>>> print(open('data-v7.json').read())   # JSON, C-alpha atoms
[["chain", "number", "residue", "atom", "x", "y", "z"],
["A", 1191, "MET", "CA", 16.62, -36.37, -4.75],
["A", 1192, "SER", "CA", 13.07, -35.14, -5.16],
["A", 1193, "ALA", "CA", 10.55, -34.76, -2.37],
["A", 1194, "GLU", "CA", 8.57, -37.59, -3.99],
["A", 1195, "THR", "CA", 11.41, -40.08, -3.66],
["A", 1196, "ALA", "CA", 12.86, -38.72, -0.40],
["A", 1197, "THR", "CA", 9.72, -39.81, 1.42],
["A", 1198, "PRO", "CA", 9.65, -43.61, 1.84],
["A", 1199, "LEU", "CA", 6.67, -45.38, 0.29],
["A", 1200, "VAL", "CA", 4.54, -46.56, 3.20],
["A", 1201, "PHE", "CA", 1.32, -48.59, 3.18],
["A", 1202, "THR", "CA", -1.22, -48.34, 5.97],
["A", 1203, "LYS", "CA", -3.30, -51.26, 7.18],
["A", 1204, "HIS", "CA", -6.39, -50.51, 9.27],
["A", 1205, "THR", "CA", -6.90, -52.98, 12.10],
["A", 1206, "LYS", "CA", -9.12, -53.22, 15.16],
["A", 1207, "ARG", "CA", -6.14, -52.15, 17.24],
["A", 1208, "GLY", "CA", -5.47, -49.12, 15.09],
["A", 1209, "ASP", "CA", -3.57, -48.27, 11.95],
["A", 1210, "LYS", "CA", -0.26, -49.96, 11.22],
["A", 1211, "GLU", "CA", 2.28, -48.62, 8.75],
["A", 1212, "TYR", "CA", 4.55, -50.79, 6.62],
["A", 1213, "PRO", "CA", 7.36, -49.21, 4.58],
["A", 1214, "ALA", "CA", 7.93, -50.86, 1.21],
["A", 1215, "PRO", "CA", 11.16, -52.91, 1.21],
["A", 1216, "GLU", "CA", 14.01, -51.66, -0.93],
["A", 1217, "PRO", "CA", 13.84, -53.77, -4.13],
["A", 1218, "LEU", "CA", 16.44, -56.51, -4.47],
["A", 1219, "ALA", "CA", 16.31, -56.16, -8.27],
["A", 1220, "PRO", "CA", 14.13, -54.39, -10.85],
["A", 1221, "LEU", "CA", 10.50, -55.38, -10.36],
["A", 1222, "PHE", "CA", 8.14, -56.74, -13.01],
["A", 1223, "ASP", "CA", 4.48, -57.31, -12.12],
["A", 1224, "THR", "CA", 3.44, -59.91, -14.70],
["A", 1225, "HIS", "CA", -0.28, -59.82, -13.82],
["A", 1226, "ALA", "CA", -2.08, -56.72, -12.51],
["A", 1227, "HIS", "CA", -5.78, -55.96, -13.01],
["A", 1228, "LEU", "CA", -5.76, -52.18, -13.38],
["A", 1229, "THR", "CA", -9.40, -52.38, -14.50],
["A", 1230, "CYS", "CA", -10.63, -53.96, -11.26],
["A", 1231, "PHE", "CA", -9.78, -51.63, -8.37],
["A", 1232, "TRP", "CA", -12.59, -51.04, -5.89],
["A", 1233, "THR", "CA", -11.40, -47.77, -4.35],
["A", 1234, "LYS", "CA", -8.05, -46.90, -5.91],
["A", 1235, "ASP", "CA", -7.29, -44.64, -8.87],
["A", 1236, "PRO", "CA", -5.16, -46.52, -11.43],
["A", 1237, "ALA", "CA", -3.16, -43.36, -12.20],
["A", 1238, "ASP", "CA", -2.18, -43.00, -8.52],
["A", 1239, "VAL", "CA", -1.40, -46.72, -8.44],
["A", 1240, "LEU", "CA", 1.03, -46.31, -11.35],
["A", 1241, "VAL", "CA", 2.80, -43.44, -9.60],
["A", 1242, "ARG", "CA", 3.27, -45.53, -6.44],
["A", 1243, "ALA", "CA", 4.48, -48.46, -8.56],
["A", 1244, "GLY", "CA", 7.18, -46.26, -10.03],
["A", 1245, "ARG", "CA", 8.20, -45.09, -6.58],
["A", 1246, "ALA", "CA", 8.44, -48.72, -5.41],
["A", 1247, "GLY", "CA", 10.80, -49.65, -8.25],
["A", 1248, "VAL", "CA", 8.30, -51.45, -10.49],
["A", 1249, "SER", "CA", 9.67, -51.08, -14.01],
["A", 1250, "GLN", "CA", 7.10, -53.05, -15.99],
["A", 1251, "ILE", "CA", 3.49, -54.18, -15.60],
["A", 1252, "VAL", "CA", 1.39, -56.56, -17.67],
["A", 1253, "VAL", "CA", -2.38, -56.01, -17.46],
["A", 1254, "PRO", "CA", -4.91, -58.70, -18.42],
["A", 1255, "TYR", "CA", -7.77, -57.22, -20.45],
["A", 1256, "ASP", "CA", -10.99, -59.23, -20.87],
["A", 1257, "PRO", "CA", -13.53, -57.79, -23.33],
["A", 1258, "ILE", "CA", -16.35, -59.60, -21.52],
["A", 1259, "ALA", "CA", -15.45, -59.02, -17.86],
["A", 1260, "ASP", "CA", -14.18, -55.48, -18.44],
["A", 1261, "HIS", "CA", -17.20, -54.51, -20.57],
["A", 1262, "MET", "CA", -14.97, -52.70, -23.06],
["A", 1263, "THR", "CA", -14.06, -53.09, -26.70],
["A", 1264, "PRO", "CA", -10.34, -53.17, -27.53],
["A", 1265, "ALA", "CA", -10.55, -49.57, -28.77],
["A", 1266, "ALA", "CA", -12.20, -48.41, -25.54],
["A", 1267, "PHE", "CA", -9.63, -50.24, -23.44],
["A", 1268, "ARG", "CA", -6.75, -48.61, -25.32],
["A", 1269, "VAL", "CA", -8.27, -45.19, -24.70],
["A", 1270, "GLN", "CA", -8.74, -45.97, -21.00],
["A", 1271, "LEU", "CA", -5.19, -47.27, -20.60],
["A", 1272, "GLN", "CA", -3.71, -44.24, -22.32],
["A", 1273, "ALA", "CA", -5.75, -41.94, -20.08],
["A", 1274, "TRP", "CA", -4.37, -43.61, -16.95],
["A", 1275, "LEU", "CA", -0.81, -43.33, -18.23],
["A", 1276, "ALA", "CA", -1.25, -39.66, -19.15],
["A", 1277, "ALA", "CA", -2.79, -38.87, -15.76],
["A", 1278, "ALA", "CA", 0.07, -40.64, -13.96],
["A", 1279, "GLU", "CA", 2.66, -38.66, -15.91],
["A", 1280, "GLU", "CA", 0.85, -35.41, -15.14],
["A", 1281, "ARG", "CA", 0.74, -36.19, -11.42],
["A", 1282, "VAL", "CA", 4.46, -36.93, -11.26],
["A", 1283, "ALA", "CA", 5.25, -33.67, -13.03],
["A", 1284, "ARG", "CA", 2.87, -31.71, -10.78],
["A", 1285, "VAL", "CA", 4.49, -33.03, -7.60],
["A", 1286, "ASP", "CA", 8.06, -32.54, -8.76],
["A", 1287, "ALA", "CA", 9.33, -32.15, -12.30],
["A", 1288, "SER", "CA", 12.70, -33.59, -11.21],
["A", 1289, "ALA", "CA", 11.29, -36.77, -9.63],
["A", 1290, "GLN", "CA", 13.97, -39.43, -9.60],
["A", 1291, "PHE", "CA", 11.85, -42.39, -10.61],
["A", 1292, "VAL", "CA", 10.32, -43.63, -13.82],
["A", 1293, "LEU", "CA", 6.73, -44.73, -14.27],
["A", 1294, "PRO", "CA", 6.32, -48.40, -15.22],
["A", 1295, "ASP", "CA", 6.08, -49.46, -18.84],
["A", 1296, "VAL", "CA", 2.54, -50.88, -19.05],
["A", 1297, "ARG", "CA", 1.57, -53.50, -21.62],
["A", 1298, "TYR", "CA", -1.37, -55.87, -21.73],
["A", 1299, "LEU", "CA", -2.71, -59.30, -22.63],
["A", 1300, "VAL", "CA", -6.13, -60.04, -24.08],
["A", 1301, "GLY", "CA", -8.26, -63.05, -23.24],
["A", 1302, "VAL", "CA", -11.53, -64.32, -21.86],
["A", 1303, "HIS", "CA", -11.44, -65.65, -18.29],
["A", 1304, "PRO", "CA", -13.20, -69.00, -17.81],
["A", 1305, "TYR", "CA", -16.02, -67.14, -16.03],
["A", 1306, "GLY", "CA", -16.93, -65.74, -19.46],
["A", 1307, "ALA", "CA", -16.84, -69.06, -21.30],
["A", 1308, "LEU", "CA", -20.60, -69.12, -21.90],
["A", 1309, "GLU", "CA", -20.47, -65.72, -23.64],
["A", 1310, "TYR", "CA", -17.43, -66.48, -25.76],
["A", 1311, "GLY", "CA", -18.11, -66.68, -29.48],
["A", 1312, "ASP", "CA", -17.00, -65.43, -32.88],
["A", 1313, "GLU", "CA", -17.62, -61.77, -32.11],
["A", 1314, "ILE", "CA", -15.53, -61.86, -28.94],
["A", 1315, "HIS", "CA", -12.86, -63.94, -30.66],
["A", 1316, "ALA", "CA", -12.62, -61.24, -33.32],
["A", 1317, "GLN", "CA", -12.00, -58.68, -30.57],
["A", 1318, "LEU", "CA", -9.09, -60.76, -29.31],
["A", 1319, "ILE", "CA", -7.60, -60.76, -32.80],
["A", 1320, "GLU", "CA", -8.13, -56.99, -33.04],
["A", 1321, "ALA", "CA", -6.37, -56.39, -29.73],
["A", 1322, "LEU", "CA", -3.40, -58.54, -30.75],
["A", 1323, "GLU", "CA", -2.75, -56.11, -33.63],
["A", 1324, "ASP", "CA", -1.86, -53.43, -31.07],
["A", 1325, "PRO", "CA", 1.93, -53.36, -30.40],
["A", 1326, "ARG", "CA", 1.17, -52.76, -26.72],
["A", 1327, "CYS", "CA", -0.67, -56.11, -26.55],
["A", 1328, "LEU", "CA", 1.87, -58.83, -25.74],
["A", 1329, "GLY", "CA", -0.18, -62.01, -25.80],
["A", 1330, "VAL", "CA", -3.24, -63.94, -24.66],
["A", 1331, "GLY", "CA", -4.51, -64.14, -21.11],
["A", 1332, "GLU", "CA", -5.82, -64.81, -18.67],
["A", 1333, "ILE", "CA", -7.47, -67.91, -20.05],
["A", 1334, "GLY", "CA", -7.95, -71.39, -18.69],
["A", 1335, "LEU", "CA", -10.18, -73.52, -16.50],
["A", 1336, "ASP", "CA", -11.96, -72.67, -13.25],
["A", 1337, "TYR", "CA", -13.94, -75.52, -11.70],
["A", 1338, "HIS", "CA", -14.45, -73.74, -8.38],
["A", 1339, "PHE", "CA", -17.83, -72.58, -7.08],
["A", 1340, "ASP", "CA", -17.27, -69.04, -5.79],
["A", 1341, "ALA", "CA", -19.52, -68.92, -2.74],
["A", 1342, "ASP", "CA", -18.60, -65.32, -1.90],
["A", 1343, "ASP", "CA", -19.82, -63.94, -5.23],
["A", 1344, "GLN", "CA", -22.21, -66.81, -6.02],
["A", 1345, "ILE", "CA", -20.43, -67.59, -9.29],
["A", 1346, "GLU", "CA", -21.15, -71.08, -10.59],
["A", 1347, "ALA", "CA", -18.50, -72.65, -12.79],
["A", 1348, "ALA", "CA", -19.53, -73.00, -16.43],
["A", 1349, "PRO", "CA", -19.85, -76.59, -17.71],
["A", 1350, "HIS", "CA", -16.42, -78.11, -18.08],
["A", 1351, "ASP", "CA", -16.82, -78.85, -21.77],
["A", 1352, "VAL", "CA", -17.74, -75.22, -22.46],
["A", 1353, "GLN", "CA", -14.70, -73.99, -20.54],
["A", 1354, "ILE", "CA", -12.45, -76.46, -22.33],
["A", 1355, "ALA", "CA", -13.67, -75.36, -25.77],
["A", 1356, "CYS", "CA", -13.13, -71.69, -24.84],
["A", 1357, "PHE", "CA", -9.66, -72.47, -23.50],
["A", 1358, "GLU", "CA", -8.60, -74.54, -26.50],
["A", 1359, "ARG", "CA", -9.68, -71.89, -29.03],
["A", 1360, "GLN", "CA", -7.78, -69.12, -27.26],
["A", 1361, "LEU", "CA", -4.73, -71.30, -26.68],
["A", 1362, "SER", "CA", -4.70, -72.15, -30.38],
["A", 1363, "LEU", "CA", -4.81, -68.44, -31.18],
["A", 1364, "ALA", "CA", -1.72, -67.83, -29.03],
["A", 1365, "ILE", "CA", 0.09, -70.71, -30.72],
["A", 1366, "GLU", "CA", -0.90, -69.45, -34.17],
["A", 1367, "ARG", "CA", 0.20, -65.87, -33.39],
["A", 1368, "LYS", "CA", 3.37, -67.02, -31.61],
["A", 1369, "VAL", "CA", 2.63, -64.96, -28.50],
["A", 1370, "PRO", "CA", 2.82, -65.82, -24.79],
["A", 1371, "VAL", "CA", -0.20, -66.98, -22.82],
["A", 1372, "GLU", "CA", -1.12, -66.65, -19.14],
["A", 1373, "LEU", "CA", -3.29, -69.39, -17.67],
["A", 1374, "HIS", "CA", -5.84, -69.26, -14.88],
["A", 1375, "ILE", "CA", -6.34, -72.78, -13.50],
["A", 1376, "ARG", "CA", -8.35, -73.38, -10.33],
["A", 1377, "ASN", "CA", -9.72, -76.61, -8.93],
["A", 1378, "ASP", "CA", -12.94, -76.94, -7.01],
["A", 1379, "THR", "CA", -12.64, -76.85, -3.23],
["A", 1380, "ALA", "CA", -11.30, -80.10, -1.74],
["A", 1381, "ASP", "CA", -10.77, -81.64, -5.19],
["A", 1382, "ALA", "CA", -7.87, -83.92, -4.34],
["A", 1383, "ALA", "CA", -7.65, -85.05, -7.97],
["A", 1384, "ARG", "CA", -6.92, -81.45, -9.06],
["A", 1385, "THR", "CA", -9.21, -81.95, -12.05],
["A", 1386, "ALA", "CA", -8.78, -78.49, -13.55],
["A", 1387, "HIS", "CA", -5.00, -78.89, -13.55],
["A", 1388, "GLU", "CA", -5.29, -82.40, -14.97],
["A", 1389, "ASP", "CA", -7.48, -81.16, -17.82],
["A", 1390, "ALA", "CA", -5.19, -78.18, -18.49],
["A", 1391, "TYR", "CA", -2.14, -80.43, -18.52],
["A", 1392, "ARG", "CA", -3.81, -82.78, -20.99],
["A", 1393, "ILE", "CA", -4.77, -79.89, -23.28],
["A", 1394, "LEU", "CA", -1.25, -78.46, -23.21],
["A", 1395, "ARG", "CA", 0.14, -81.90, -24.05],
["A", 1396, "MET", "CA", -2.35, -82.23, -26.89],
["A", 1397, "LEU", "CA", -2.11, -78.74, -28.44],
["A", 1398, "GLY", "CA", 1.35, -77.83, -27.20],
["A", 1399, "ALA", "CA", 2.40, -74.99, -24.95],
["A", 1400, "PRO", "CA", 2.95, -71.81, -26.99],
["A", 1401, "SER", "CA", 6.57, -71.58, -28.10],
["A", 1402, "ALA", "CA", 6.59, -67.91, -27.05],
["A", 1403, "GLY", "CA", 5.90, -68.90, -23.45],
["A", 1404, "CYS", "CA", 3.19, -70.22, -21.14],
["A", 1405, "VAL", "CA", 2.60, -68.97, -17.59],
["A", 1406, "LEU", "CA", 0.66, -70.57, -14.74],
["A", 1407, "HIS", "CA", -0.64, -67.34, -13.22],
["A", 1408, "CYS", "CA", -1.35, -67.07, -9.49],
["A", 1409, "PHE", "CA", 0.11, -70.48, -8.72],
["A", 1410, "THR", "CA", -1.20, -71.87, -5.42],
["A", 1411, "GLU", "CA", -0.55, -75.58, -5.81],
["A", 1412, "ASP", "CA", 2.14, -77.97, -4.54],
["A", 1413, "ARG", "CA", 5.61, -78.90, -5.73],
["A", 1414, "PRO", "CA", 4.63, -81.98, -7.80],
["A", 1415, "THR", "CA", 2.03, -79.93, -9.71],
["A", 1416, "MET", "CA", 4.60, -77.20, -10.34],
["A", 1417, "GLU", "CA", 7.16, -79.72, -11.59],
["A", 1418, "ARG", "CA", 4.73, -81.31, -14.08],
["A", 1419, "PHE", "CA", 4.02, -77.97, -15.75],
["A", 1420, "VAL", "CA", 7.65, -76.87, -15.68],
["A", 1421, "GLU", "CA", 8.46, -80.07, -17.58],
["A", 1422, "LEU", "CA", 6.12, -78.78, -20.30],
["A", 1423, "GLY", "CA", 8.17, -75.57, -20.44],
["A", 1424, "CYS", "CA", 5.80, -73.41, -18.40],
["A", 1425, "TYR", "CA", 6.72, -70.47, -16.22],
["A", 1426, "ILE", "CA", 5.25, -70.36, -12.71],
["A", 1427, "ALA", "CA", 4.05, -66.99, -11.36],
["A", 1428, "PHE", "CA", 4.00, -66.56, -7.60],
["A", 1429, "GLY", "CA", 2.04, -63.82, -5.84],
["A", 1430, "GLY", "CA", 0.95, -62.63, -2.45],
["A", 1431, "ALA", "CA", -0.66, -65.95, -1.50],
["A", 1432, "ALA", "CA", 2.81, -67.50, -1.26],
["A", 1433, "THR", "CA", 3.61, -65.15, 1.65],
["A", 1434, "PHE", "CA", 0.61, -66.21, 3.74],
["A", 1435, "LYS", "CA", 1.68, -68.08, 6.87],
["A", 1436, "ARG", "CA", -0.43, -71.16, 6.14],
["A", 1437, "ASN", "CA", 1.02, -71.66, 2.64],
["A", 1438, "GLU", "CA", 4.24, -73.44, 3.57],
["A", 1439, "GLU", "CA", 3.66, -75.99, 0.78],
["A", 1440, "LEU", "CA", 3.53, -73.17, -1.74],
["A", 1441, "ARG", "CA", 6.81, -71.67, -0.52],
["A", 1442, "GLU", "CA", 8.37, -75.12, -0.83],
["A", 1443, "ALA", "CA", 7.23, -75.18, -4.46],
["A", 1444, "PHE", "CA", 8.77, -71.76, -5.04],
["A", 1445, "ALA", "CA", 12.07, -72.83, -3.50],
["A", 1446, "ALA", "CA", 12.15, -75.94, -5.70],
["A", 1447, "CYS", "CA", 11.18, -74.21, -8.95],
["A", 1448, "SER", "CA", 13.96, -73.82, -11.49],
["A", 1449, "LEU", "CA", 15.32, -70.28, -11.41],
["A", 1450, "ASP", "CA", 14.71, -69.85, -15.12],
["A", 1451, "ARG", "CA", 10.96, -70.55, -14.65],
["A", 1452, "ILE", "CA", 9.98, -68.23, -11.77],
["A", 1453, "LEU", "CA", 7.94, -65.05, -12.14],
["A", 1454, "PHE", "CA", 6.32, -62.64, -9.69],
["A", 1455, "GLU", "CA", 2.92, -60.98, -9.87],
["A", 1456, "THR", "CA", 0.38, -59.23, -7.67],
["A", 1457, "ASP", "CA", -2.92, -60.26, -9.31],
["A", 1458, "CYS", "CA", -4.07, -56.96, -7.83],
["A", 1459, "PRO", "CA", -6.45, -55.87, -6.48],
["A", 1460, "TYR", "CA", -6.63, -59.35, -4.96],
["A", 1461, "MET", "CA", -4.42, -61.15, -2.43],
["A", 1462, "ALA", "CA", -2.14, -58.47, -1.03],
["A", 1463, "PRO", "CA", 0.97, -60.06, 0.48],
["A", 1464, "ASP", "CA", 1.72, -60.28, 4.18],
["A", 1465, "PRO", "CA", 1.92, -58.04, 6.15],
["A", 1466, "LEU", "CA", -0.72, -56.21, 4.06],
["A", 1467, "ARG", "CA", -3.10, -59.12, 3.64],
["A", 1468, "GLY", "CA", -6.67, -57.82, 3.51],
["A", 1469, "VAL", "CA", -5.68, -54.48, 1.98],
["A", 1470, "GLU", "CA", -6.62, -53.71, -1.63],
["A", 1471, "CYS", "CA", -3.54, -54.90, -3.48],
["A", 1472, "GLU", "CA", -1.62, -52.87, -6.10],
["A", 1473, "PRO", "CA", 1.59, -53.34, -8.16],
["A", 1474, "ALA", "CA", 3.82, -51.44, -5.70],
["A", 1475, "MET", "CA", 3.15, -54.19, -3.15],
["A", 1476, "ILE", "CA", 5.04, -56.70, -5.26],
["A", 1477, "THR", "CA", 8.19, -55.57, -3.49],
["A", 1478, "PHE", "CA", 6.90, -57.23, -0.29],
["A", 1479, "THR", "CA", 6.31, -60.50, -2.16],
["A", 1480, "VAL", "CA", 9.66, -60.53, -3.93],
["A", 1481, "ASP", "CA", 11.57, -59.68, -0.77],
["A", 1482, "ALA", "CA", 9.81, -62.31, 1.36],
["A", 1483, "LEU", "CA", 10.00, -65.17, -1.17],
["A", 1484, "ALA", "CA", 13.55, -64.48, -2.35],
["A", 1485, "ARG", "CA", 14.81, -64.42, 1.23],
["A", 1486, "ASP", "CA", 12.79, -67.50, 2.22],
["A", 1487, "ARG", "CA", 14.19, -69.41, -0.76],
["A", 1488, "ALA", "CA", 17.71, -68.26, 0.09],
["A", 1489, "GLU", "CA", 17.37, -69.69, 3.59],
["A", 1490, "ARG", "CA", 16.30, -73.05, 2.15],
["A", 1491, "THR", "CA", 18.77, -73.30, -0.74],
["A", 1492, "GLY", "CA", 21.72, -71.09, 0.14],
["A", 1493, "GLU", "CA", 21.20, -68.97, -2.97],
["A", 1494, "ASP", "CA", 21.69, -65.21, -2.98],
["A", 1495, "PRO", "CA", 18.26, -63.54, -2.60],
["A", 1496, "VAL", "CA", 19.38, -60.83, -5.02],
["A", 1497, "ALA", "CA", 20.10, -63.52, -7.61],
["A", 1498, "VAL", "CA", 16.64, -65.01, -7.09],
["A", 1499, "ALA", "CA", 14.94, -61.63, -7.58],
["A", 1500, "ARG", "CA", 17.14, -60.85, -10.57],
["A", 1501, "ALA", "CA", 16.28, -64.20, -12.20],
["A", 1502, "ALA", "CA", 12.54, -63.46, -11.99],
["A", 1503, "TRP", "CA", 13.11, -60.04, -13.55],
["A", 1504, "GLU", "CA", 15.16, -61.49, -16.41],
["A", 1505, "ASN", "CA", 12.61, -64.25, -17.01],
["A", 1506, "ALA", "CA", 9.78, -61.71, -17.29],
["A", 1507, "ARG", "CA", 11.81, -59.47, -19.59],
["A", 1508, "ARG", "CA", 12.60, -62.41, -21.84],
["A", 1509, "LEU", "CA", 9.02, -63.67, -21.87],
["A", 1510, "PHE", "CA", 7.48, -60.29, -22.66],
["A", 1511, "ALA", "CA", 10.17, -59.06, -25.03],
["A", 1512, "ARG", "CA", 7.81, -58.13, -27.88],
["A", 1513, "ALA", "CA", 8.27, -54.46, -28.76]]
>>> encode(input="data-v7.json", output="structure tokens")
Amino acid sequence: MSAETATPLVFTKHTKRGDKEYPAPEPLAPLFDTHAHLTCFWTKDPADVLVRAGRAGVSQIVVPYDPIADHMTPAAFRVQLQAWLAAAEERVARVDASAQFVLPDVRYLVGVHPYGALEYGDEIHAQLIEALEDPRCLGVGEIGLDYHFDADDQIEAAPHDVQIACFERQLSLAIERKVPVELHIRNDTADAARTAHEDAYRILRMLGAPSAGCVLHCFTEDRPTMERFVELGCYIAFGGAATFKRNEELREAFAACSLDRILFETDCPYMAPDPLRGVECEPAMITFTVDALARDRAERTGEDPVAVARAAWENARRLFARA
């Protein structure tokens, strides 16, 4: 075994009482991060992140690319992604040419987040079509509806009709191209009617969920909401938020979700799982999420946690099977 893999992967969390170290759990099954923003890290180098992901047992990563939010054309994004992959490979070889782990296979989705709905037009739509011609691009995402006012970043939600038009056009593209889609759906704070989810559900009923697959990314809702979208054939992606102590309702939804519909993601650099909450998240941390949720579900249902983790892996592989 190489020096790189002989040393356990450990994450450090800085607290007022001092630094705490948390070794990454041994993976229960191969790991697939179905939603990781490699373009959005604040302090981390994506190449280093990919090396740590490989060490943690992450075999595949899907990256959402947004030509508006990422300020890059499809050609520029492809160059950037290839540079990160090349740098990661070089770093593994430099540390130890016989390293006993494999870097993740990284693919991507293309789509305009609802924050960019006001800027979405024919020129941007053409960039989505261009990106979908790349074999490394697997589908459309993240797209959807966000009716939440982001007080932290002072981001006002675009008018609902503008968001809906942007969502419908991109969803139709995914249906036309027969590719999977990942959805971002967020309600406004204290919206008991869950208006964004109601509108998204209506649109999916009207246009149809893409036959290649439809994912509710970063799911943070309750069991009834999960069940409605599963009935439409959607996958439900659970991330670090489901490990937070206060989110018992979300863990109940995970435990009740059909095994053939569950996925895992990090949504990094956001929402690192417990016990790393507050740290800049990265794909390697998905092992904490998978371990915690698979074991929690097993306690509730009597299932084998390894079988739960394996099901999520197989679902992701099936969903993103495009070569």
>>> closest_residue(input="data-v7.json", among="A:Thr1202, A:Thr1233, A:Gln1353, A:Asn1377", to="His1338 of chain A", atoms="only C-alpha atoms")
A:Asn1377
>>> closest_residue(input="data-v7.json", among="A:Asp1235, A:Asp1256, A:Asp1223, A:Glu1438", to="Val1480 of chain A", atoms="all atoms listed in the file")
A:Asp1223
>>> residues_around(input="data-v7.json", residues="Glu1421 of chain A", least_positions_apart="4", cutoff="12 Å", atoms="all atoms listed in the file", output="PyMOL selection string")
chain A and resi 1391+1394-1395+1399+1404+1414-1417+1425-1426+1447-1448+1451
>>> atom_distance(input="data-v7.json", atom1="atom CA of Arg1487 of chain A", atom2="atom CA of Cys1408 of chain A")
18.0 Å
>>> residues_around(input="data-v7.json", residues="Trp1232 of chain A", least_positions_apart="3", cutoff="12 Å", atoms="only C-alpha atoms", output="list in words")
His1227, Leu1228, Thr1229, Asp1235, Pro1236, Cys1458, Pro1459, Tyr1460, Val1469, Glu1470, Cys1471 and Glu1472 of chain A
>>> atom_distance(input="data-v7.json", atom1="atom CA of Arg1376 of chain A", atom2="atom CA of Pro1473 of chain A")
22.5 Å
>>> closest_residue(input="data-v7.json", among="A:Arg1485, A:Ala1390, A:Leu1440, A:Glu1332", to="Glu1411 of chain A", atoms="all atoms listed in the file")
A:Leu1440
>>> closest_residue(input="data-v7.json", among="A:Glu1280, A:Glu1366, A:Glu1216, A:Asp1260", to="Val1302 of chain A", atoms="only C-alpha atoms")
A:Asp1260
>>> closest_residue(input="data-v7.json", among="A:Arg1359, A:Gln1270, A:Trp1503, A:Ile1393", to="His1315 of chain A", atoms="only C-alpha atoms")
A:Arg1359
>>> residues_near_point(input="data-v7.json", point="(-8.5, -50.3, -22.0)", cutoff="10 Å", atoms="only C-alpha atoms", output="PyMOL selection string")
chain A and resi 1228-1229+1253-1257+1260-1274+1298
